[in-house]
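Below: input.cif (mmCIF, C-alpha atoms)
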data_coords
#
loop_
_atom_site.group_PDB
_atom_site.id
_atom_site.type_symbol
_atom_site.label_atom_id
_atom_site.label_comp_id
_atom_site.auth_asym_id
_atom_site.auth_seq_id
_atom_site.Cartn_x
_atom_site.Cartn_y
_atom_site.Cartn_z
ATOM 1 C CA HIS C 1 60.907 36.800 144.097
ATOM 2 C CA ASP C 2 59.845 40.414 143.728
ATOM 3 C CA GLU C 3 56.543 39.656 145.452
ATOM 4 C CA VAL C 4 58.361 38.167 148.448
ATOM 5 C CA CYS C 5 60.845 41.046 148.366
ATOM 6 C CA ARG C 6 58.018 43.595 148.673
ATOM 7 C CA ARG C 7 56.841 41.927 151.908
ATOM 8 C CA VAL C 8 60.227 42.006 153.684
ATOM 9 C CA VAL C 9 60.493 44.439 156.610
ATOM 10 C CA ALA C 10 63.792 43.244 158.110
ATOM 11 C CA VAL C 11 66.986 41.538 156.988
ATOM 12 C CA VAL C 12 68.678 39.445 159.694
ATOM 13 C CA GLY C 13 72.352 38.460 159.732
ATOM 14 C CA GLN C 14 75.002 39.715 157.347
ATOM 15 C CA PRO C 15 74.084 39.534 153.638
ATOM 16 C CA HIS C 16 77.004 38.260 151.564
ATOM 17 C CA ASP C 17 75.668 40.526 148.835
ATOM 18 C CA ILE C 18 75.043 43.818 150.594
ATOM 19 C CA SER C 19 74.020 45.407 147.291
ATOM 20 C CA VAL C 20 70.750 43.471 147.502
ATOM 21 C CA LEU C 21 69.523 46.147 149.922
ATOM 22 C CA GLN C 22 69.497 48.611 147.042
ATOM 23 C CA ARG C 23 66.787 46.691 145.165
ATOM 24 C CA GLU C 24 63.694 48.752 144.524
ATOM 25 C CA CYS C 25 61.380 45.926 145.505
ATOM 26 C CA PHE C 26 62.413 46.310 149.171
ATOM 27 C CA SER C 27 59.819 49.024 149.528
ATOM 28 C CA ARG C 28 58.812 47.989 153.073
ATOM 29 C CA LEU C 29 62.296 47.193 154.394
ATOM 30 C CA GLN C 30 63.037 49.063 157.625
ATOM 31 C CA LEU C 31 65.712 47.190 159.569
ATOM 32 C CA VAL C 32 69.079 45.524 158.921
ATOM 33 C CA GLN C 33 69.567 43.437 162.068
ATOM 34 C CA SER C 34 72.941 41.814 162.705
ATOM 35 C CA SER C 35 72.951 38.619 164.769
ATOM 36 C CA SER C 36 76.432 39.450 166.068
ATOM 37 C CA TYR C 37 78.213 42.461 167.567
ATOM 38 C CA MET C 38 79.485 43.488 164.124
ATOM 39 C CA HIS C 39 77.474 45.218 161.432
ATOM 40 C CA ALA C 40 77.656 46.116 157.767
ATOM 41 C CA GLN C 41 79.551 49.257 156.831
ATOM 42 C CA LEU C 42 77.017 52.046 157.158
ATOM 43 C CA THR C 43 77.984 53.514 153.808
ATOM 44 C CA ASP C 44 76.800 50.264 152.185
ATOM 45 C CA VAL C 45 73.344 50.447 153.779
ATOM 46 C CA PRO C 46 70.734 52.860 152.345
ATOM 47 C CA PRO C 47 70.277 55.764 154.790
ATOM 48 C CA HIS C 48 66.541 55.188 155.262
ATOM 49 C CA LEU C 49 67.248 51.784 156.908
ATOM 50 C CA THR C 50 67.907 51.302 160.600
ATOM 51 C CA VAL C 51 70.993 49.227 161.464
ATOM 52 C CA ALA C 52 71.103 47.264 164.719
ATOM 53 C CA THR C 53 73.376 44.673 166.324
ATOM 54 C CA TYR C 54 73.230 42.099 169.084
ATOM 55 C CA GLN C 55 74.924 43.654 172.106
ATOM 56 C CA PRO C 56 75.759 41.009 174.701
ATOM 57 C CA ASP C 57 76.820 41.621 178.280
ATOM 58 C CA TRP C 58 80.425 42.632 177.622
ATOM 59 C CA HIS C 59 81.509 43.330 181.169
ATOM 60 C CA HIS C 60 80.125 40.283 182.946
ATOM 61 C CA VAL C 61 79.967 37.563 180.298
ATOM 62 C CA TYR C 62 81.283 37.844 176.762
ATOM 63 C CA GLY C 63 83.963 40.451 177.279
ATOM 64 C CA VAL C 64 85.888 38.543 179.948
ATOM 65 C CA GLU C 65 85.444 34.871 180.812
ATOM 66 C CA PRO C 66 84.904 33.342 177.336
ATOM 67 C CA ILE C 67 87.919 35.247 175.995
ATOM 68 C CA ALA C 68 90.078 34.002 178.863
ATOM 69 C CA GLU C 69 88.962 30.412 178.245
ATOM 70 C CA PHE C 70 89.629 30.775 174.521
ATOM 71 C CA ILE C 71 93.176 31.978 175.189
ATOM 72 C CA LEU C 72 93.927 28.938 177.304
ATOM 73 C CA ALA C 73 92.372 26.705 174.642
ATOM 74 C CA ALA C 74 94.734 28.321 172.120
ATOM 75 C CA VAL C 75 97.723 27.611 174.369
ATOM 76 C CA PHE C 76 96.648 23.987 174.768
ATOM 77 C CA GLN C 77 96.140 23.649 171.014
ATOM 78 C CA TRP C 78 99.547 25.106 170.260
ATOM 79 C CA ASN C 79 101.306 22.770 172.688
ATOM 80 C CA TYR C 80 99.425 19.553 171.953
ATOM 81 C CA GLY C 81 98.018 19.803 168.408
ATOM 82 C CA LEU C 82 95.786 16.829 169.179
ATOM 83 C CA GLN C 83 93.913 16.772 165.873
ATOM 84 C CA ALA C 84 97.129 16.762 163.829
ATOM 85 C CA LYS C 85 98.645 14.086 166.070
ATOM 86 C CA ALA C 86 95.504 11.972 165.742
ATOM 87 C CA ALA C 87 95.491 12.295 161.950
ATOM 88 C CA GLN C 88 99.138 11.274 161.739
ATOM 89 C CA PHE C 89 98.610 8.281 164.036
ATOM 90 C CA ALA C 90 95.441 7.098 162.285
ATOM 91 C CA LYS C 91 97.190 7.230 158.907
ATOM 92 C CA CYS C 92 100.196 5.126 159.858
ATOM 93 C CA ALA C 93 99.185 2.834 162.705
ATOM 94 C CA TRP C 94 96.539 0.788 160.843
ATOM 95 C CA GLY C 95 96.759 -1.208 157.629
ATOM 96 C CA SER C 96 98.695 -4.062 156.073
ATOM 97 C CA ASP C 97 102.016 -2.223 156.355
ATOM 98 C CA ALA C 98 101.401 -0.763 159.816
ATOM 99 C CA PRO C 99 103.372 0.667 161.524
ATOM 100 C CA SER C 100 106.194 0.813 158.984
ATOM 101 C CA LYS C 101 105.249 4.316 157.831
ATOM 102 C CA CYS C 102 104.928 5.788 161.307
ATOM 103 C CA PRO C 103 107.516 8.354 162.393
ATOM 104 C CA ALA C 104 109.602 7.594 165.453
ATOM 105 C CA VAL C 105 107.541 7.406 168.615
ATOM 106 C CA SER C 106 109.570 10.289 169.999
ATOM 107 C CA THR C 107 108.360 12.393 167.057
ATOM 108 C CA MET C 108 104.710 11.363 167.264
ATOM 109 C CA THR C 109 104.357 11.882 170.990
ATOM 110 C CA ARG C 110 106.647 14.840 171.718
ATOM 111 C CA HIS C 111 104.910 18.013 172.901
ATOM 112 C CA ASN C 112 105.321 20.879 175.300
ATOM 113 C CA THR C 113 103.293 21.193 178.481
ATOM 114 C CA LEU C 114 101.855 24.310 180.038
ATOM 115 C CA MET C 115 103.529 23.454 183.333
ATOM 116 C CA GLY C 116 106.638 25.547 183.576
ATOM 117 C CA GLN C 117 105.964 27.696 180.521
ATOM 118 C CA THR C 118 105.690 31.461 180.937
ATOM 119 C CA LEU C 119 102.550 33.285 179.863
ATOM 120 C CA GLY C 120 102.834 37.048 179.568
ATOM 121 C CA VAL C 121 99.712 39.168 179.973
ATOM 122 C CA LEU C 122 100.270 42.540 178.347
ATOM 123 C CA GLY C 123 97.452 44.588 179.857
ATOM 124 C CA TYR C 124 96.512 43.259 183.296
ATOM 125 C CA GLY C 125 92.858 44.245 183.647
ATOM 126 C CA ASN C 126 89.615 42.279 183.778
ATOM 127 C CA ILE C 127 90.433 39.956 180.874
ATOM 128 C CA GLY C 128 94.104 39.720 181.793
ATOM 129 C CA SER C 129 93.393 38.740 185.383
ATOM 130 C CA SER C 130 90.963 36.037 184.227
ATOM 131 C CA VAL C 131 93.619 34.659 181.866
ATOM 132 C CA ALA C 132 96.221 34.765 184.635
ATOM 133 C CA ARG C 133 93.985 32.937 187.094
ATOM 134 C CA ARG C 134 93.377 30.066 184.663
ATOM 135 C CA ALA C 135 96.989 29.846 183.505
ATOM 136 C CA SER C 136 98.373 29.849 187.038
ATOM 137 C CA ALA C 137 95.995 27.059 188.051
ATOM 138 C CA LEU C 138 97.466 24.962 185.234
ATOM 139 C CA GLY C 139 101.006 25.441 186.493
ATOM 140 C CA MET C 140 102.123 28.221 184.167
ATOM 141 C CA ARG C 141 104.457 30.971 185.318
ATOM 142 C CA VAL C 142 102.391 34.112 184.738
ATOM 143 C CA ILE C 143 103.890 37.576 184.348
ATOM 144 C CA ALA C 144 101.935 40.739 183.589
ATOM 145 C CA THR C 145 102.144 44.429 182.830
ATOM 146 C CA ARG C 146 99.812 47.361 183.003
ATOM 147 C CA ARG C 147 100.286 51.023 182.305
ATOM 148 C CA HIS C 148 99.742 52.295 185.825
ATOM 149 C CA GLY C 149 100.178 50.920 189.351
ATOM 150 C CA PRO C 150 99.695 49.989 192.023
ATOM 151 C CA PHE C 151 101.942 46.973 191.399
ATOM 152 C CA SER C 152 101.809 45.712 194.955
ATOM 153 C CA PRO C 153 100.631 43.763 196.741
ATOM 154 C CA LEU C 154 101.359 41.234 194.019
ATOM 155 C CA PRO C 155 98.316 39.139 192.987
ATOM 156 C CA SER C 156 98.868 35.544 194.079
ATOM 157 C CA VAL C 157 98.549 34.222 190.519
ATOM 158 C CA LEU C 158 101.419 36.355 189.201
ATOM 159 C CA HIS C 159 105.183 35.906 189.305
ATOM 160 C CA TRP C 160 105.625 39.640 188.772
ATOM 161 C CA LEU C 161 103.585 42.694 187.766
ATOM 162 C CA SER C 162 105.059 45.946 186.434
ATOM 163 C CA ASP C 163 104.889 48.475 183.599
ATOM 164 C CA ASP C 164 107.891 46.920 181.805
ATOM 165 C CA ASN C 165 106.513 45.568 178.524
ATOM 166 C CA ASP C 166 110.006 44.942 177.145
ATOM 167 C CA LYS C 167 110.839 42.597 180.009
ATOM 168 C CA LEU C 168 107.601 40.704 179.474
ATOM 169 C CA LEU C 169 108.238 40.303 175.738
ATOM 170 C CA LYS C 170 111.715 38.903 176.415
ATOM 171 C CA GLU C 171 110.548 36.339 178.993
ATOM 172 C CA ALA C 172 107.193 35.012 177.759
ATOM 173 C CA ASP C 173 106.566 31.784 175.850
ATOM 174 C CA PHE C 174 103.075 33.086 175.066
ATOM 175 C CA VAL C 175 102.331 36.804 174.761
ATOM 176 C CA VAL C 176 98.669 37.697 175.232
ATOM 177 C CA THR C 177 97.634 41.284 174.540
ATOM 178 C CA THR C 178 94.633 42.259 176.632
ATOM 179 C CA VAL C 179 94.995 46.040 176.580
ATOM 180 C CA PRO C 180 91.900 47.984 175.410
ATOM 181 C CA GLY C 181 91.044 47.659 171.731
ATOM 182 C CA SER C 182 91.688 51.363 171.275
ATOM 183 C CA VAL C 183 95.404 50.774 171.891
ATOM 184 C CA ALA C 184 96.943 50.394 168.431
ATOM 185 C CA GLY C 185 100.304 48.998 167.374
ATOM 186 C CA ILE C 186 101.555 47.779 170.739
ATOM 187 C CA ILE C 187 102.873 44.755 168.844
ATOM 188 C CA ASN C 188 105.107 46.236 166.159
ATOM 189 C CA LYS C 189 108.489 45.563 164.543
ATOM 190 C CA THR C 190 110.346 46.658 167.667
ATOM 191 C CA SER C 191 108.284 44.629 170.133
ATOM 192 C CA LEU C 192 108.339 41.576 167.866
ATOM 193 C CA GLY C 193 112.128 41.856 167.825
ATOM 194 C CA LEU C 194 112.160 41.545 171.622
ATOM 195 C CA MET C 195 110.114 38.336 171.698
ATOM 196 C CA ARG C 196 111.720 34.928 172.028
ATOM 197 C CA ALA C 197 112.276 32.950 168.818
ATOM 198 C CA SER C 198 109.826 30.310 170.071
ATOM 199 C CA ALA C 199 107.230 32.716 171.489
ATOM 200 C CA VAL C 200 103.604 32.695 170.337
ATOM 201 C CA LEU C 201 101.455 35.823 170.069
ATOM 202 C CA ILE C 202 97.733 35.806 170.915
ATOM 203 C CA PRO C 203 96.132 39.250 170.456
ATOM 204 C CA VAL C 204 92.550 39.779 171.621
ATOM 205 C CA SER C 205 91.960 42.822 169.410
ATOM 206 C CA ALA C 206 93.189 43.453 165.862
ATOM 207 C CA PRO C 207 94.476 47.034 166.391
ATOM 208 C CA HIS C 208 96.998 45.692 168.928
ATOM 209 C CA ALA C 209 99.188 44.260 166.150
ATOM 210 C CA ASP C 210 100.913 45.733 163.122
ATOM 211 C CA PHE C 211 99.918 42.868 160.810
ATOM 212 C CA ASP C 212 102.517 43.729 158.174
ATOM 213 C CA ALA C 213 105.321 43.586 160.730
ATOM 214 C CA LEU C 214 103.819 40.444 162.247
ATOM 215 C CA TYR C 215 103.732 38.719 158.872
ATOM 216 C CA GLU C 216 107.402 39.462 158.267
ATOM 217 C CA ALA C 217 108.389 38.205 161.729
ATOM 218 C CA LEU C 218 106.426 35.003 161.209
ATOM 219 C CA LEU C 219 107.745 34.467 157.698
ATOM 220 C CA ARG C 220 111.341 34.830 158.884
ATOM 221 C CA ARG C 221 110.596 32.737 161.999
ATOM 222 C CA GLU C 222 111.767 35.519 164.246
ATOM 223 C CA ILE C 223 108.966 34.418 166.596
ATOM 224 C CA GLY C 224 107.437 30.987 167.045
ATOM 225 C CA GLY C 225 103.928 31.678 165.827
ATOM 226 C CA ALA C 226 100.596 33.410 166.293
ATOM 227 C CA VAL C 227 97.018 32.463 167.038
ATOM 228 C CA LEU C 228 94.931 35.035 165.173
ATOM 229 C CA ASP C 229 91.233 35.225 165.989
ATOM 230 C CA VAL C 230 90.896 38.972 165.296
ATOM 231 C CA TRP C 231 91.428 40.700 161.963
ATOM 232 C CA PRO C 232 91.943 44.220 160.606
ATOM 233 C CA HIS C 233 89.974 44.036 157.394
ATOM 234 C CA GLY C 234 87.027 42.814 155.363
ATOM 235 C CA CYS C 235 84.264 40.534 156.579
ATOM 236 C CA TRP C 236 85.996 39.933 159.930
ATOM 237 C CA HIS C 237 86.702 43.574 160.788
ATOM 238 C CA PHE C 238 85.210 44.908 164.030
ATOM 239 C CA PRO C 239 82.885 46.732 164.373
ATOM 240 C CA ASP C 240 81.954 47.353 160.739
ATOM 241 C CA MET C 241 82.565 44.591 158.234
ATOM 242 C CA ALA C 242 82.610 44.439 154.445
ATOM 243 C CA CYS C 243 81.583 41.018 153.149
ATOM 244 C CA GLY C 244 80.958 41.947 149.516
ATOM 245 C CA PRO C 245 80.579 42.876 146.854
ATOM 246 C CA PRO C 246 83.320 43.364 145.889
ATOM 247 C CA TYR C 247 84.477 39.920 146.918
ATOM 248 C CA GLY C 248 88.002 38.555 147.187
ATOM 249 C CA ALA C 249 90.684 40.837 148.581
ATOM 250 C CA GLU C 250 88.212 43.536 149.657
ATOM 251 C CA ALA C 251 86.424 41.081 151.934
ATOM 252 C CA GLU C 252 89.427 39.094 153.195
ATOM 253 C CA PRO C 253 90.474 39.298 156.866
ATOM 254 C CA TYR C 254 93.941 40.552 155.902
ATOM 255 C CA ALA C 255 94.733 41.048 152.239
ATOM 256 C CA SER C 256 98.222 42.562 152.184
ATOM 257 C CA LYS C 257 100.182 39.319 152.668
ATOM 258 C CA PRO C 258 99.262 35.570 152.677
ATOM 259 C CA ILE C 259 99.516 35.267 156.447
ATOM 260 C CA GLN C 260 96.924 32.462 156.494
ATOM 261 C CA SER C 261 99.252 30.180 154.510
ATOM 262 C CA LEU C 262 102.117 30.262 157.008
ATOM 263 C CA ASP C 263 102.583 27.025 158.930
ATOM 264 C CA ASN C 264 103.234 28.892 162.175
ATOM 265 C CA VAL C 265 99.902 30.697 162.130
ATOM 266 C CA LEU C 266 96.560 29.432 163.398
ATOM 267 C CA PRO C 267 93.973 31.616 161.598
ATOM 268 C CA LEU C 268 90.527 31.571 163.221
ATOM 269 C CA PRO C 269 87.162 33.230 162.417
ATOM 270 C CA GLY C 270 86.504 35.227 165.601
ATOM 271 C CA MET C 271 85.637 32.390 167.974
ATOM 272 C CA ALA C 272 86.641 33.866 171.322
ATOM 273 C CA MET C 273 83.298 35.379 172.351
ATOM 274 C CA ARG C 274 80.939 33.573 170.014
ATOM 275 C CA ASP C 275 80.251 30.292 171.764
ATOM 276 C CA ASN C 276 77.014 28.317 171.706
ATOM 277 C CA ARG C 277 75.479 30.449 174.463
ATOM 278 C CA PHE C 278 76.285 33.590 172.466
ATOM 279 C CA TRP C 279 74.272 32.386 169.461
ATOM 280 C CA VAL C 280 71.351 31.113 171.545
ATOM 281 C CA GLU C 281 71.046 34.459 173.310
ATOM 282 C CA SER C 282 71.561 36.283 170.013
ATOM 283 C CA ALA C 283 68.525 34.505 168.578
ATOM 284 C CA THR C 284 66.448 35.626 171.566
ATOM 285 C CA TRP C 285 67.673 39.215 171.203
ATOM 286 C CA VAL C 286 66.982 39.329 167.471
ATOM 287 C CA ALA C 287 63.512 37.828 167.897
ATOM 288 C CA SER C 288 62.732 40.454 170.531
ATOM 289 C CA ASN C 289 63.807 43.227 168.148
ATOM 290 C CA LEU C 290 61.699 41.859 165.317
ATOM 291 C CA GLU C 291 58.663 41.741 167.586
ATOM 292 C CA ALA C 292 59.362 45.317 168.698
ATOM 293 C CA LEU C 293 59.622 46.414 165.071
ATOM 294 C CA LEU C 294 56.226 44.955 164.251
ATOM 295 C CA ARG C 295 54.686 46.563 167.344
ATOM 296 C CA GLY C 296 56.310 49.915 166.645
ATOM 297 C CA SER C 297 58.210 49.726 169.935
ATOM 298 C CA PRO C 298 61.800 50.908 170.576
ATOM 299 C CA LEU C 299 64.571 48.630 169.350
ATOM 300 C CA ARG C 300 67.708 47.579 171.183
ATOM 301 C CA GLY C 301 71.252 47.694 169.882
ATOM 302 C CA ILE C 302 70.737 50.475 167.359
ATOM 303 C CA VAL C 303 73.902 51.534 165.543
ATOM 304 C CA ARG C 304 72.153 53.995 163.245
ATOM 305 C CA ASN C 305 68.553 55.101 163.016
ATOM 306 C CA GLY C 306 67.132 55.153 159.523
ATOM 307 C CA THR C 307 66.048 58.521 158.192
ATOM 308 C CA ASN C 308 62.431 57.333 158.212
ATOM 309 C CA SER C 309 62.647 55.767 161.677
ATOM 310 C CA THR C 310 61.318 56.954 165.008
ATOM 311 C CA ASN C 311 63.106 54.172 166.931
ATOM 312 C CA THR C 312 65.673 54.993 169.587
ATOM 313 C CA MET C 313 67.901 52.747 171.639
ATOM 314 C CA TRP C 314 66.009 50.915 174.336
ATOM 315 C CA LEU C 315 68.154 51.249 177.464
#
Would you kindly transcribe this structure into structure tokens?
Amino acid sequence: HDEVCRRVVAVVGQPHDISVLQRECFSRLQLVQSSSYMHAQLTDVPPHLTVATYQPDWHHVYGVEPIAEFILAAVFQWNYGLQAKAAQFAKCAWGSDAPSKCPAVSTMTRHNTLMGQTLGVLGYGNIGSSVARRASALGMRVIATRRHGPFSPLPSVLHWLSDDNDKLLKEADFVVTTVPGSVAGIINKTSLGLMRASAVLIPVSAPHADFDALYEALLRREIGGAVLDVWPHGCWHFPDMACGPPYGAEAEPYASKPIQSLDNVLPLPGMAMRDNRFWVESATWVASNLEALLRGSPLRGIVRNGTNSTNTMWL
């Protein structure tokens, strides 16, 4: 293993044991290349190593349309729960005693529809307008807020647009936060207290939510639920992640409370932007960087130049 180690010039992906980079045998190692838009905590990576990420087209591809589609998929999933319904049906509707163990048909088939439900977009910008367009086309009543006007003329896909977040929180069946990621704590104890008892929260960035307050609201069923695809901690923290060692709580997405065990939470691993196309194009990007490294050419997506590196970001 040491012989192989001495030949390595780049590590690709996210090592689950980041301490491996400290091994003396990595004498030729130059680059720690992430295959995603997140990277290891820089304090965990020896300073002589360059750290780079895959940086997709945020404004025209991965920062807008895939997120909007994911949000609507989350709404569909919450209303229909097809996989759970299928599992229940398959378990009771076949066999020698079928269908004696099946719940009432009204229980097995009952579900909400998007038609007539209200979706609130808190932060009507590029992502918010893409969400609104899709939701409106499916028959949802879409309301939205943004910090500044103009608020008229009203976009055709909206029922109303204003700067009144409180009104939105009180009316929406689904609350989607699409404000910039730099906006922290817009969903807190106070705002959660304004939401309907059946309302579902879908944040697109972890700083938007006070996770401690959210956990308490979910535990007490003060709101209906949450679809959580973004996290404030550990191996799922953006932009710098800590996947271990240490393992366990230090690497968990949210370690303060067991939010993942609540039956009104759908915990997800950061799916919104990372579809099949994302990973195909990531592989192309990473391969291009590895070729550039071997040629001594500039790299793309540099987060930090190593102290022994002459590479700069390739614009």
Residues in the PyMOL selection byres ((chain C and resi 257) around 12), expressed as number ranges by chain: C: 211-216, 218-219, 249, 252-256, 258-262
Close residues, Pro245 (chain C) itself excluded, 10 Å, all atoms listed in the file, min 3 positions apart in chain, as a list of chain:residue names: C:Pro15, C:His16, C:Asp17, C:Ile18, C:Ser19, C:Val20, C:Asp44, C:Ala242, C:Gly248, C:Glu250, C:Ala251
Result set, the PyMOL selection byres ((chain C and resi 8) around 9) on current file, as a PyMOL selection string: chain C and resi 4-7+9-11+26-30
Picked residues, the PyMOL selection byres ((chain C and resi 293-299) around 12), as number ranges by chain: C: 8-11, 28-33, 50-55, 285-292, 300-305, 309-315
Region 78-87 of chain C surroundings by all atoms listed in the file, 7 Å radius, close-in-sequence under 5 positions cut, as a PyMOL selection string: chain C and resi 108+111-113
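Of the residues under consideration (C:Ala226, C:Met140, C:Val64, C:Arg277), C:Ala226 shows the shortest atom-to-atom contact distance to Gln77 (chain C) when counting all atoms listed in the file.
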Only all heavy atoms, please: region 31-39 of chain C from the block, as an mmCIF file, in the first residue's frame.
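Result saved to selection17.cif:
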data_model
loop_
_atom_site.group_PDB
_atom_site.id
_atom_site.type_symbol
_atom_site.label_atom_id
_atom_site.label_comp_id
_atom_site.auth_asym_id
_atom_site.auth_seq_id
_atom_site.Cartn_x
_atom_site.Cartn_y
_atom_site.Cartn_z
ATOM 1 N N LEU C 31 -3.247 17.429 -5.035
ATOM 2 C CA LEU C 31 -4.606 17.945 -5.215
ATOM 3 C C LEU C 31 -5.627 17.080 -4.478
ATOM 4 O O LEU C 31 -5.604 15.853 -4.574
ATOM 5 C CB LEU C 31 -4.953 17.967 -6.713
ATOM 6 C CG LEU C 31 -6.398 18.305 -7.107
ATOM 7 C CD1 LEU C 31 -6.729 19.756 -6.738
ATOM 8 C CD2 LEU C 31 -6.599 18.074 -8.615
ATOM 9 N N VAL C 32 -6.540 17.747 -3.752
ATOM 10 C CA VAL C 32 -7.732 17.107 -3.199
ATOM 11 C C VAL C 32 -8.909 17.666 -3.990
ATOM 12 O O VAL C 32 -9.301 18.826 -3.820
ATOM 13 C CB VAL C 32 -7.885 17.393 -1.698
ATOM 14 C CG1 VAL C 32 -9.145 16.728 -1.161
ATOM 15 C CG2 VAL C 32 -6.658 16.900 -0.939
ATOM 16 N N GLN C 33 -9.450 16.838 -4.877
ATOM 17 C CA GLN C 33 -10.467 17.273 -5.842
ATOM 18 C C GLN C 33 -11.834 16.715 -5.444
ATOM 19 O O GLN C 33 -12.085 15.524 -5.507
ATOM 20 C CB GLN C 33 -10.100 16.791 -7.249
ATOM 21 C CG GLN C 33 -11.192 16.990 -8.297
ATOM 22 C CD GLN C 33 -11.405 18.452 -8.642
ATOM 23 O OE1 GLN C 33 -10.478 19.121 -9.110
ATOM 24 N NE2 GLN C 33 -12.613 18.944 -8.441
ATOM 25 N N SER C 34 -12.739 17.591 -5.043
ATOM 26 C CA SER C 34 -14.102 17.170 -4.747
ATOM 27 C C SER C 34 -14.867 16.955 -6.049
ATOM 28 O O SER C 34 -14.672 17.683 -7.023
ATOM 29 C CB SER C 34 -14.811 18.229 -3.903
ATOM 30 O OG SER C 34 -16.187 17.929 -3.770
ATOM 31 N N SER C 35 -15.759 15.976 -6.055
ATOM 32 C CA SER C 35 -16.606 15.739 -7.228
ATOM 33 C C SER C 35 -17.940 16.454 -7.094
ATOM 34 O O SER C 35 -18.814 16.310 -7.950
ATOM 35 C CB SER C 35 -16.845 14.238 -7.416
ATOM 36 O OG SER C 35 -17.409 13.680 -6.234
ATOM 37 N N SER C 36 -18.100 17.238 -6.028
ATOM 38 C CA SER C 36 -19.328 17.988 -5.803
ATOM 39 C C SER C 36 -18.968 19.450 -5.561
ATOM 40 O O SER C 36 -17.823 19.865 -5.721
ATOM 41 C CB SER C 36 -20.087 17.396 -4.612
ATOM 42 O OG SER C 36 -21.339 18.043 -4.439
ATOM 43 N N TYR C 37 -19.968 20.244 -5.164
ATOM 44 C CA TYR C 37 -19.729 21.661 -4.894
ATOM 45 C C TYR C 37 -19.319 21.897 -3.451
ATOM 46 O O TYR C 37 -19.128 23.042 -3.038
ATOM 47 C CB TYR C 37 -20.972 22.495 -5.232
ATOM 48 C CG TYR C 37 -22.278 21.890 -4.760
ATOM 49 C CD1 TYR C 37 -22.635 21.906 -3.417
ATOM 50 C CD2 TYR C 37 -23.140 21.282 -5.666
ATOM 51 C CE1 TYR C 37 -23.808 21.343 -2.985
ATOM 52 C CE2 TYR C 37 -24.322 20.713 -5.244
ATOM 53 C CZ TYR C 37 -24.656 20.747 -3.902
ATOM 54 O OH TYR C 37 -25.834 20.167 -3.474
ATOM 55 N N MET C 38 -19.207 20.829 -2.663
ATOM 56 C CA MET C 38 -18.741 20.930 -1.286
ATOM 57 C C MET C 38 -17.319 20.384 -1.191
ATOM 58 O O MET C 38 -16.881 19.626 -2.053
ATOM 59 C CB MET C 38 -19.672 20.172 -0.351
ATOM 60 C CG MET C 38 -21.090 20.733 -0.353
ATOM 61 S SD MET C 38 -22.152 20.097 0.964
ATOM 62 C CE MET C 38 -22.336 18.392 0.492
ATOM 63 N N HIS C 39 -16.622 20.764 -0.155
ATOM 64 C CA HIS C 39 -15.231 20.343 -0.013
ATOM 65 C C HIS C 39 -14.920 20.081 1.447
ATOM 66 O O HIS C 39 -15.665 20.505 2.360
ATOM 67 C CB HIS C 39 -14.279 21.418 -0.560
ATOM 68 C CG HIS C 39 -14.434 22.750 0.109
ATOM 69 N ND1 HIS C 39 -13.809 23.076 1.309
ATOM 70 C CD2 HIS C 39 -15.159 23.855 -0.241
ATOM 71 C CE1 HIS C 39 -14.132 24.306 1.653
ATOM 72 N NE2 HIS C 39 -14.946 24.809 0.741
#
